[in-house]
$ cat data.pdb   # PDB, C-alpha atoms and all ligand atoms
ATOM      1  CA  ALA A1070      27.205  53.443  84.153
ATOM      2  CA  LYS A1071      27.766  49.741  84.491
ATOM      3  CA  GLU A1072      23.994  49.153  84.667
ATOM      4  CA  GLU A1073      23.442  51.283  81.580
ATOM      5  CA  GLY A1074      26.058  49.336  79.669
ATOM      6  CA  LYS A1075      24.348  46.134  80.600
ATOM      7  CA  ASN A1076      20.970  47.413  79.411
ATOM      8  CA  LYS A1077      22.413  48.540  76.123
ATOM      9  CA  TYR A1078      23.987  45.171  75.585
ATOM     10  CA  GLN A1079      20.613  43.549  76.173
ATOM     11  CA  LEU A1080      19.165  45.367  73.178
ATOM     12  CA  PHE A1081      20.914  42.788  71.052
ATOM     13  CA  THR A1082      19.852  39.513  72.610
ATOM     14  CA  PRO A1083      19.533  36.561  70.214
ATOM     15  CA  ALA A1084      15.758  36.562  70.761
ATOM     16  CA  MET A1085      15.472  40.151  69.600
ATOM     17  CA  ASN A1086      17.726  39.449  66.682
ATOM     18  CA  ALA A1087      15.385  36.674  65.639
ATOM     19  CA  LYS A1088      12.500  39.130  65.851
ATOM     20  CA  VAL A1089      14.243  41.590  63.541
ATOM     21  CA  VAL A1090      14.988  38.819  61.076
ATOM     22  CA  HIS A1091      11.378  37.641  61.181
ATOM     23  CA  ARG A1092      10.177  41.189  60.591
ATOM     24  CA  LEU A1093      12.478  41.673  57.621
ATOM     25  CA  SER A1094      11.375  38.414  56.056
ATOM     26  CA  LEU A1095       7.702  39.268  56.581
ATOM     27  CA  GLU A1096       8.310  42.671  54.990
ATOM     28  CA  ASN A1097       9.931  40.962  52.005
ATOM     29  CA  SER A1098       7.053  38.526  51.697
ATOM     30  CA  LEU A1099       4.592  41.414  51.743
ATOM     31  CA  ARG A1100       6.444  43.135  48.903
ATOM     32  CA  LYS A1101       6.433  39.943  46.851
ATOM     33  CA  ALA A1102       2.770  39.346  47.648
ATOM     34  CA  LEU A1103       1.926  42.786  46.277
ATOM     35  CA  GLU A1104       3.789  42.062  43.038
ATOM     36  CA  ARG A1105       2.170  38.629  42.722
ATOM     37  CA  ASP A1106      -1.296  39.975  43.464
ATOM     38  CA  GLU A1107      -1.854  37.636  46.413
ATOM     39  CA  PHE A1108      -4.275  39.885  48.271
ATOM     40  CA  LEU A1109      -7.950  39.006  48.110
ATOM     41  CA  VAL A1110     -10.874  41.181  49.054
ATOM     42  CA  TYR A1111     -13.619  39.523  51.090
ATOM     43  CA  TYR A1112     -16.994  41.137  51.717
ATOM     44  CA  GLN A1113     -19.169  41.105  54.813
ATOM     45  CA  PRO A1114     -22.799  42.208  54.354
ATOM     46  CA  LYS A1115     -24.360  45.101  56.218
ATOM     47  CA  VAL A1116     -28.048  44.529  56.680
ATOM     48  CA  ALA A1117     -30.709  47.201  57.213
ATOM     49  CA  THR A1118     -32.302  46.483  60.578
ATOM     50  CA  GLY A1119     -35.711  47.665  59.377
ATOM     51  CA  THR A1120     -36.033  45.619  56.175
ATOM     52  CA  GLY A1121     -33.557  42.776  56.624
ATOM     53  CA  ARG A1122     -31.990  43.527  53.256
ATOM     54  CA  ILE A1123     -28.319  43.854  52.380
ATOM     55  CA  VAL A1124     -27.640  47.543  51.819
ATOM     56  CA  GLY A1125     -23.873  47.424  51.741
ATOM     57  CA  MET A1126     -20.752  45.507  52.674
ATOM     58  CA  GLU A1127     -17.350  46.023  54.227
ATOM     59  CA  ALA A1128     -14.329  45.123  52.124
ATOM     60  CA  LEU A1129     -11.821  43.173  54.250
ATOM     61  CA  VAL A1130      -8.443  42.121  52.903
ATOM     62  CA  ARG A1131      -6.962  38.601  53.166
ATOM     63  CA  TRP A1132      -3.566  37.392  52.071
ATOM     64  CA  GLN A1133      -3.542  34.130  50.171
ATOM     65  CA  SER A1134       0.118  33.157  50.496
ATOM     66  CA  SER A1135       1.857  31.051  47.864
ATOM     67  CA  ASP A1136       1.361  27.883  49.963
ATOM     68  CA  GLY A1137      -2.396  28.469  49.839
ATOM     69  CA  ARG A1138      -2.808  29.632  53.456
ATOM     70  CA  LEU A1139      -5.219  32.492  54.115
ATOM     71  CA  ILE A1140      -3.566  35.051  56.390
ATOM     72  CA  SER A1141      -5.611  37.402  58.595
ATOM     73  CA  PRO A1142      -5.177  41.162  58.181
ATOM     74  CA  LEU A1143      -4.397  41.325  61.906
ATOM     75  CA  ASP A1144      -1.128  39.504  61.078
ATOM     76  CA  PHE A1145       0.115  41.843  58.348
ATOM     77  CA  ILE A1146      -1.719  45.204  58.412
ATOM     78  CA  PRO A1147       0.367  46.533  61.351
ATOM     79  CA  LEU A1148       3.651  45.841  59.537
ATOM     80  CA  ALA A1149       2.260  47.116  56.227
ATOM     81  CA  GLU A1150       1.334  50.262  58.126
ATOM     82  CA  GLU A1151       4.801  50.654  59.683
ATOM     83  CA  THR A1152       6.659  50.079  56.428
ATOM     84  CA  GLY A1153       4.371  52.188  54.242
ATOM     85  CA  LEU A1154       3.399  49.145  52.157
ATOM     86  CA  ILE A1155      -0.178  49.864  53.254
ATOM     87  CA  ILE A1156      -0.255  52.576  50.601
ATOM     88  CA  PRO A1157       0.034  50.281  47.539
ATOM     89  CA  LEU A1158      -1.908  47.581  49.412
ATOM     90  CA  GLY A1159      -4.730  49.976  50.281
ATOM     91  CA  GLU A1160      -4.895  51.053  46.634
ATOM     92  CA  GLN A1161      -5.214  47.438  45.469
ATOM     93  CA  VAL A1162      -8.025  46.792  47.936
ATOM     94  CA  LEU A1163      -9.860  49.970  46.943
ATOM     95  CA  ARG A1164      -9.506  49.212  43.230
ATOM     96  CA  LYS A1165     -10.832  45.661  43.613
ATOM     97  CA  ALA A1166     -13.675  46.775  45.876
ATOM     98  CA  CYS A1167     -14.763  49.501  43.427
ATOM     99  CA  ARG A1168     -14.642  47.156  40.428
ATOM    100  CA  ASP A1169     -16.625  44.404  42.171
ATOM    101  CA  THR A1170     -19.213  46.856  43.465
ATOM    102  CA  LYS A1171     -19.672  48.417  40.051
ATOM    103  CA  GLN A1172     -20.668  44.933  38.750
ATOM    104  CA  TRP A1173     -23.120  44.308  41.575
ATOM    105  CA  LEU A1174     -24.680  47.745  41.219
ATOM    106  CA  ALA A1175     -26.525  46.623  38.082
ATOM    107  CA  LYS A1176     -28.997  44.637  40.196
ATOM    108  CA  ASN A1177     -28.591  46.533  43.492
ATOM    109  CA  LYS A1178     -28.442  50.191  42.633
ATOM    110  CA  ASP A1179     -28.175  51.502  46.210
ATOM    111  CA  LEU A1180     -25.337  49.232  47.325
ATOM    112  CA  VAL A1181     -22.577  50.988  49.293
ATOM    113  CA  VAL A1182     -19.129  49.453  49.726
ATOM    114  CA  SER A1183     -17.108  50.399  52.794
ATOM    115  CA  VAL A1184     -13.318  50.364  52.593
ATOM    116  CA  ASN A1185     -10.966  50.816  55.549
ATOM    117  CA  LEU A1186      -8.530  53.714  55.383
ATOM    118  CA  SER A1187      -5.487  53.388  57.636
ATOM    119  CA  PRO A1188      -3.601  56.207  59.424
ATOM    120  CA  ARG A1189      -0.618  56.029  57.100
ATOM    121  CA  GLN A1190      -2.784  56.520  54.014
ATOM    122  CA  PHE A1191      -3.645  59.981  55.326
ATOM    123  CA  MET A1192      -0.008  61.027  55.055
ATOM    124  CA  GLN A1193      -0.228  60.586  51.294
ATOM    125  CA  GLU A1194      -0.492  63.975  49.686
ATOM    126  CA  ASN A1195      -2.338  62.684  46.641
ATOM    127  CA  LEU A1196      -4.865  60.534  48.541
ATOM    128  CA  LEU A1197      -7.881  62.405  47.162
ATOM    129  CA  GLN A1198      -6.581  62.209  43.584
ATOM    130  CA  THR A1199      -5.773  58.503  43.946
ATOM    131  CA  ILE A1200      -9.289  57.748  45.169
ATOM    132  CA  MET A1201     -10.929  59.868  42.473
ATOM    133  CA  ASP A1202      -8.828  58.130  39.789
ATOM    134  CA  ILE A1203      -9.884  54.705  41.050
ATOM    135  CA  LEU A1204     -13.559  55.730  41.094
ATOM    136  CA  GLN A1205     -13.305  57.120  37.585
ATOM    137  CA  GLU A1206     -11.525  54.077  36.216
ATOM    138  CA  SER A1207     -13.997  51.642  37.820
ATOM    139  CA  GLY A1208     -17.092  53.681  36.961
ATOM    140  CA  LEU A1209     -18.363  53.518  40.539
ATOM    141  CA  PRO A1210     -20.320  56.644  41.559
ATOM    142  CA  PRO A1211     -18.692  58.358  44.585
ATOM    143  CA  ALA A1212     -21.920  58.027  46.608
ATOM    144  CA  GLN A1213     -21.575  54.209  46.516
ATOM    145  CA  LEU A1214     -18.214  54.368  48.315
ATOM    146  CA  GLU A1215     -17.846  54.809  52.046
ATOM    147  CA  LEU A1216     -14.461  55.150  53.739
ATOM    148  CA  GLU A1217     -14.094  53.816  57.279
ATOM    149  CA  VAL A1218     -11.633  55.847  59.333
ATOM    150  CA  THR A1219     -10.591  55.573  62.969
ATOM    151  CA  GLU A1220      -9.899  58.362  65.396
ATOM    152  CA  GLY A1221      -6.253  57.310  65.406
ATOM    153  CA  ALA A1222      -6.012  57.994  61.692
ATOM    154  CA  VAL A1223      -7.278  61.514  62.136
ATOM    155  CA  MET A1224      -5.360  62.341  65.289
ATOM    156  CA  PHE A1225      -1.980  61.709  63.740
ATOM    157  CA  ASN A1226      -2.117  64.918  61.741
ATOM    158  CA  GLU A1227      -5.465  66.414  62.559
ATOM    159  CA  GLN A1228      -5.406  69.526  60.359
ATOM    160  CA  ALA A1229      -4.301  67.703  57.230
ATOM    161  CA  ALA A1230      -6.649  64.785  57.856
ATOM    162  CA  LEU A1231      -9.643  67.066  58.403
ATOM    163  CA  ALA A1232      -8.909  68.947  55.189
ATOM    164  CA  THR A1233      -8.679  65.690  53.234
ATOM    165  CA  LEU A1234     -11.881  64.331  54.786
ATOM    166  CA  HIS A1235     -13.779  67.478  53.854
ATOM    167  CA  GLU A1236     -12.524  67.214  50.280
ATOM    168  CA  LEU A1237     -13.586  63.560  50.098
ATOM    169  CA  LYS A1238     -16.995  64.476  51.457
ATOM    170  CA  GLU A1239     -17.372  67.281  48.930
ATOM    171  CA  ALA A1240     -16.530  64.812  46.163
ATOM    172  CA  GLY A1241     -19.620  62.854  47.282
ATOM    173  CA  ILE A1242     -17.834  60.010  49.078
ATOM    174  CA  ARG A1243     -19.360  58.791  52.351
ATOM    175  CA  LEU A1244     -17.432  58.725  55.625
ATOM    176  CA  ALA A1245     -17.811  56.411  58.605
ATOM    177  CA  LEU A1246     -16.124  56.661  61.987
ATOM    178  CA  ASP A1247     -14.934  53.124  62.779
ATOM    179  CA  ASP A1248     -14.445  51.429  66.176
ATOM    180  CA  PHE A1249     -16.408  54.202  67.841
ATOM    181  CA  GLY A1250     -15.980  54.334  71.596
ATOM    182  CA  THR A1251     -12.564  52.703  71.746
ATOM    183  CA  GLY A1252     -10.500  55.789  70.844
ATOM    184  CA  TYR A1253      -9.335  58.763  72.880
ATOM    185  CA  SER A1254     -11.524  61.757  72.208
ATOM    186  CA  SER A1255     -14.569  60.432  70.423
ATOM    187  CA  LEU A1256     -16.780  63.438  71.014
ATOM    188  CA  HIS A1257     -14.186  65.845  69.697
ATOM    189  CA  PHE A1258     -14.057  64.018  66.361
ATOM    190  CA  LEU A1259     -17.822  63.613  66.242
ATOM    191  CA  ARG A1260     -18.052  67.366  66.270
ATOM    192  CA  LYS A1261     -15.248  67.942  63.748
ATOM    193  CA  LEU A1262     -15.599  65.225  61.118
ATOM    194  CA  PRO A1263     -18.014  65.421  58.166
ATOM    195  CA  LEU A1264     -19.476  61.974  58.917
ATOM    196  CA  ASN A1265     -22.364  59.966  57.478
ATOM    197  CA  THR A1266     -22.041  56.935  59.721
ATOM    198  CA  LEU A1267     -20.975  55.812  63.170
ATOM    199  CA  LYS A1268     -19.812  52.226  63.680
ATOM    200  CA  ILE A1269     -20.207  50.868  67.204
ATOM    201  CA  ASP A1270     -17.235  48.706  68.067
ATOM    202  CA  ARG A1271     -17.831  45.013  68.623
ATOM    203  CA  ALA A1272     -16.586  45.403  72.200
ATOM    204  CA  PHE A1273     -19.896  47.098  73.127
ATOM    205  CA  ILE A1274     -22.034  44.586  71.231
ATOM    206  CA  MET A1275     -20.453  41.363  72.499
ATOM    207  CA  GLU A1276     -22.198  41.210  75.885
ATOM    208  CA  LEU A1277     -25.577  42.581  74.812
ATOM    209  CA  PRO A1278     -28.234  42.463  76.054
ATOM    210  CA  THR A1279     -27.417  40.961  79.462
ATOM    211  CA  ASP A1280     -24.493  43.139  80.569
ATOM    212  CA  PRO A1281     -26.075  46.373  81.864
ATOM    213  CA  ASN A1282     -23.013  48.516  81.115
ATOM    214  CA  SER A1283     -22.835  47.349  77.493
ATOM    215  CA  ALA A1284     -26.571  47.924  77.151
ATOM    216  CA  ALA A1285     -26.292  51.453  78.543
ATOM    217  CA  ILE A1286     -23.349  52.350  76.324
ATOM    218  CA  ALA A1287     -24.914  50.917  73.155
ATOM    219  CA  THR A1288     -28.144  52.789  73.901
ATOM    220  CA  ILE A1289     -26.334  56.075  74.377
ATOM    221  CA  ILE A1290     -24.194  55.702  71.251
ATOM    222  CA  ILE A1291     -27.262  54.948  69.119
ATOM    223  CA  SER A1292     -29.237  57.929  70.432
ATOM    224  CA  LEU A1293     -26.153  60.127  70.005
ATOM    225  CA  ALA A1294     -25.952  59.050  66.352
ATOM    226  CA  GLN A1295     -29.664  59.747  65.901
ATOM    227  CA  ALA A1296     -29.334  63.213  67.430
ATOM    228  CA  LEU A1297     -26.488  63.946  65.015
ATOM    229  CA  HIS A1298     -28.506  62.545  62.060
ATOM    230  CA  LEU A1299     -25.924  59.848  61.422
ATOM    231  CA  GLU A1300     -26.486  56.275  60.353
ATOM    232  CA  VAL A1301     -25.339  53.824  62.983
ATOM    233  CA  VAL A1302     -23.910  50.384  62.271
ATOM    234  CA  ALA A1303     -23.402  47.724  64.948
ATOM    235  CA  GLU A1304     -20.484  45.416  64.170
ATOM    236  CA  GLY A1305     -19.927  41.916  65.531
ATOM    237  CA  VAL A1306     -23.593  40.942  65.874
ATOM    238  CA  GLU A1307     -23.554  37.196  66.483
ATOM    239  CA  ASN A1308     -26.954  36.258  67.913
ATOM    240  CA  ILE A1309     -30.670  36.995  67.791
ATOM    241  CA  ALA A1310     -30.778  38.516  71.283
ATOM    242  CA  GLN A1311     -28.255  41.181  70.210
ATOM    243  CA  LEU A1312     -30.202  41.784  67.009
ATOM    244  CA  GLU A1313     -33.517  42.231  68.833
ATOM    245  CA  PHE A1314     -31.959  44.651  71.299
ATOM    246  CA  LEU A1315     -30.448  46.754  68.487
ATOM    247  CA  ARG A1316     -33.643  46.638  66.464
ATOM    248  CA  ARG A1317     -35.659  48.028  69.376
ATOM    249  CA  LEU A1318     -33.242  50.968  69.535
ATOM    250  CA  ASP A1319     -33.536  51.608  65.785
ATOM    251  CA  CYS A1320     -29.880  50.947  65.090
ATOM    252  CA  THR A1321     -29.766  51.508  61.308
ATOM    253  CA  GLU A1322     -27.581  48.623  60.166
ATOM    254  CA  ILE A1323     -26.181  45.357  61.491
ATOM    255  CA  GLN A1324     -22.963  43.578  60.533
ATOM    256  CA  GLY A1325     -21.816  40.293  61.997
ATOM    257  CA  TYR A1326     -21.516  36.513  61.904
ATOM    258  CA  LEU A1327     -25.270  36.204  62.589
ATOM    259  CA  PHE A1328     -25.800  36.982  58.891
ATOM    260  CA  SER A1329     -22.482  36.119  57.373
ATOM    261  CA  PRO A1330     -18.738  36.215  57.973
ATOM    262  CA  PRO A1331     -16.687  38.031  55.335
ATOM    263  CA  VAL A1332     -16.835  35.921  52.128
ATOM    264  CA  PRO A1333     -15.118  36.004  48.695
ATOM    265  CA  GLY A1334     -16.710  38.098  45.936
ATOM    266  CA  PRO A1335     -18.603  35.295  44.165
ATOM    267  CA  ALA A1336     -20.130  34.095  47.453
ATOM    268  CA  PHE A1337     -21.152  37.652  48.283
ATOM    269  CA  ALA A1338     -22.831  37.920  44.866
ATOM    270  CA  GLU A1339     -24.906  34.862  45.819
ATOM    271  CA  LEU A1340     -25.927  36.491  49.089
ATOM    272  CA  LEU A1341     -27.032  39.512  47.074
ATOM    273  CA  ASN A1342     -29.131  37.324  44.785
ATOM    274  CA  ALA A1343     -30.901  35.824  47.783
ATOM    275  CA  ASN A1344     -31.155  39.277  49.337
ATOM    276  CA  GLN A1345     -33.648  38.766  52.131
ATOM    277  CA  LEU A1346     -31.745  37.675  55.192
ATOM    278  CA  LEU A1347     -33.852  38.712  58.170
TER     279      LEU A1347
HETATM  280  P1  LIG A1401     -12.444  46.211  61.539
HETATM  281  O1  LIG A1401     -12.357  47.315  60.542
HETATM  282  O2  LIG A1401     -12.992  46.537  62.881
HETATM  283  O3  LIG A1401     -13.280  45.045  60.826
HETATM  284  C1  LIG A1401     -14.217  44.234  61.483
HETATM  285  C2  LIG A1401     -13.595  42.913  61.889
HETATM  286  O4  LIG A1401     -14.536  42.209  62.695
HETATM  287  C3  LIG A1401     -13.278  41.988  60.716
HETATM  288  O5  LIG A1401     -12.104  41.246  61.060
HETATM  289  C4  LIG A1401     -14.495  41.054  60.704
HETATM  290  O6  LIG A1401     -14.233  39.813  60.095
HETATM  291  C5  LIG A1401     -14.732  40.914  62.183
HETATM  292  N1  LIG A1401     -16.108  40.522  62.475
HETATM  293  C6  LIG A1401     -17.231  40.847  61.797
HETATM  294  N2  LIG A1401     -18.331  40.327  62.362
HETATM  295  C7  LIG A1401     -17.900  39.639  63.439
HETATM  296  C8  LIG A1401     -18.584  38.864  64.447
HETATM  297  O7  LIG A1401     -19.806  38.712  64.445
HETATM  298  N3  LIG A1401     -17.800  38.310  65.421
HETATM  299  C9  LIG A1401     -16.451  38.460  65.445
HETATM  300  N4  LIG A1401     -15.767  37.870  66.427
HETATM  301  N5  LIG A1401     -15.779  39.189  64.518
HETATM  302  C10 LIG A1401     -16.501  39.766  63.526
HETATM  303  P2  LIG A1401     -10.925  41.031  60.001
HETATM  304  O8  LIG A1401     -11.467  40.837  58.623
HETATM  305  O9  LIG A1401     -10.023  39.984  60.562
HETATM  306  O10 LIG A1401     -10.166  42.413  60.023
HETATM  307  C11 LIG A1401      -9.504  42.844  61.177
HETATM  308  C12 LIG A1401      -9.057  44.279  61.058
HETATM  309  O11 LIG A1401      -8.049  44.417  60.057
HETATM  310  C13 LIG A1401     -10.178  45.230  60.638
HETATM  311  O12 LIG A1401     -10.971  45.560  61.766
HETATM  312  C14 LIG A1401      -9.373  46.396  60.093
HETATM  313  O13 LIG A1401      -8.918  47.207  61.145
HETATM  314  C15 LIG A1401      -8.172  45.692  59.473
HETATM  315  N6  LIG A1401      -8.382  45.555  58.016
HETATM  316  C16 LIG A1401      -9.002  44.578  57.321
HETATM  317  N7  LIG A1401      -8.981  44.837  56.002
HETATM  318  C17 LIG A1401      -8.341  46.029  55.849
HETATM  319  C18 LIG A1401      -7.990  46.858  54.720
HETATM  320  O14 LIG A1401      -8.292  46.549  53.539
HETATM  321  N8  LIG A1401      -7.318  48.012  54.990
HETATM  322  C19 LIG A1401      -6.986  48.383  56.257
HETATM  323  N9  LIG A1401      -6.316  49.540  56.440
HETATM  324  N10 LIG A1401      -7.302  47.644  57.341
HETATM  325  C20 LIG A1401      -7.970  46.488  57.136
HETATM  326 CA    CA A1402     -25.722  52.706  54.828
HETATM  327 CA    CA A1403     -13.773  48.696  59.563
HETATM  328 CA    CA A1404     -13.856  47.110  65.007
END
$ encode --input "data.pdb" --output "structure tokens"
Amino acid sequence: AKEEGKNKYQLFTPAMNAKVVHRLSLENSLRKALERDEFLVYYQPKVATGTGRIVGMEALVRWQSSDGRLISPLDFIPLAEETGLIIPLGEQVLRKACRDTKQWLAKNKDLVVSVNLSPRQFMQENLLQTIMDILQESGLPPAQLELEVTEGAVMFNEQAALATLHELKEAGIRLALDDFGTGYSSLHFLRKLPLNTLKIDRAFIMELPTDPNSAAIATIIISLAQALHLEVVAEGVENIAQLEFLRRLDCTEIQGYLFSPPVPGPAFAELLNANQLL
């Protein structure tokens, strides 16, 4: 009993108190940032391996705080997720991404924008309606939008998530399974989800082509995607050796620093104008 008491007391160490305070102040800052419209959407091109042309891009959020610093999503998405702020934040990102893409469509009619959908957004009952409203308002055709989901997002409430994903698919929106290979039951979801695209996680691309295990896994994932008639995107491609390896395997699309890091909208528009990267 004495030991227990001691442990309980330790729940309230000054260090932990400081953590709670930090968390609360970050949560407050996030709320303010939403009101002040401090979130920017950057775009990273996806390039068709066959033609070397930009065929789409992933929308990636950044937070430009009032002091001008650019904050990585890794530093605020987890808390936004925990607090539910990801719901209004996700809507802002989707709205901006759809508006920007609608503009760029004039000269690039097949462009597809990919937007990340987080686990918490699936708990929203009106997710489908929200997305359809944003598409309508921006004038972006549903087929030019792809949603990137992770296995974690689906697992949380599998039945509800599957129903929503089927509705999105029926509305003409594309679906990609993100971070493939890093989750728990990849093959289960491959069988269940109405997917268009598989994204190979950067972890399996990093050590290509020299690491034999990475090479074997990447090869298998790509042929699995082909057998299932899915597009397959390799993320985190940083060098020519990786590109050549993936090209030989007919990986459909490549995304990574080799072509471009995520860039602000106007810079992405310039990449589109020069659209012949490979
Ligand atoms: P993700 O969905 O796996 O996105 C890919 C991440 O890999 C991005 O990091 C991108 O900048 C980075 N990346 C791309 N190519 C390379 C490369 O060649 N080398 C390396 N080292 N990294 C590369 P970023 O932008 O920092 O985003 C991190 C994560 O934050 C994303 O991982 C995603 O899970 C989350 N995230 C970003 N934006 C959003 C959003 O709007 N909504 C939600 N729910 N999550 C988001
Ligand atoms: Ca595509
Ligand atoms: Ca993603
Ligand atoms: Ca990833």
$ resolve_selection --input "data.pdb" --expression "the PyMOL selection byres (((chain A and resi 1261-1263) around 8) and not hetatm)" --output "CSV table (one decimal) with C-alpha atoms, in the frame of the given file"
chain,number,residue,atom,x,y,z
A,1231,LEU,CA,-9.6,67.1,58.4
A,1234,LEU,CA,-11.9,64.3,54.8
A,1235,HIS,CA,-13.8,67.5,53.9
A,1238,LYS,CA,-17.0,64.5,51.5
A,1244,LEU,CA,-17.4,58.7,55.6
A,1257,HIS,CA,-14.2,65.8,69.7
A,1258,PHE,CA,-14.1,64.0,66.4
A,1259,LEU,CA,-17.8,63.6,66.2
A,1260,ARG,CA,-18.1,67.4,66.3
A,1264,LEU,CA,-19.5,62.0,58.9
A,1265,ASN,CA,-22.4,60.0,57.5
$ residues_near_ligand --input "data.pdb" --ligand "ligand CA 1402 (chain A)" --cutoff "7 Å" --atoms "all atoms listed in the file" --output "PyMOL selection string"
chain A and resi 1124-1125+1181+1300+1322
$ closest_residue --input "data.pdb" --among "A:Leu1340, A:Leu1196, A:Leu1139, A:Ile1323" --to "Thr1120 (chain A)" --atoms "only C-alpha atoms"
A:Ile1323
$ closest_residue --input "data.pdb" --among "A:Glu1217, A:Asp1144, A:Glu1339, A:Glu1236" --to "Val1302 (chain A)" --atoms "all atoms listed in the file"
A:Glu1217
$ residues_near_ligand --input "data.pdb" --ligand "ligand LIG 1401 (chain A)" --cutoff "9 Å" --atoms "all atoms listed in the file" --output "PyMOL selection string"
chain A and resi 1110-1113+1127-1131+1141-1147+1149-1150+1155-1156+1158-1163+1184-1190+1217-1219+1247-1248+1268+1270-1271+1275+1304-1308+1324-1331
$ resolve_selection --input "data.pdb" --expression "the PyMOL selection byres (((chain A and resi 1100) around 12) and not hetatm)" --output "list in words"
Leu1093, Ser1094, Leu1095, Glu1096, Asn1097, Ser1098, Leu1099, Lys1101, Ala1102, Leu1103, Glu1104, Arg1105, Asp1106, Glu1107, Phe1108, Trp1132, Ser1134, Phe1145, Leu1148, Ala1149, Thr1152, Gly1153, Leu1154, Ile1155, Ile1156, Pro1157 and Leu1158 of chain A
$ closest_residue --input "data.pdb" --among "A:Leu1246, A:Leu1277, A:Pro1210, A:Cys1167" --to "Ile1309 (chain A)" --atoms "all atoms listed in the file"
A:Leu1277
$ atom_distance --input "data.pdb" --atom1 "CA of Val1301 (chain A)" --atom2 "CA of Pro1278 (chain A)"
17.6 Å
$ closest_residue --input "data.pdb" --among "A:Leu1216, A:Met1192, A:Leu1318, A:Ile1289" --to "ligand CA 1403 (chain A)" --atoms "only C-alpha atoms and all ligand atoms"
A:Leu1216
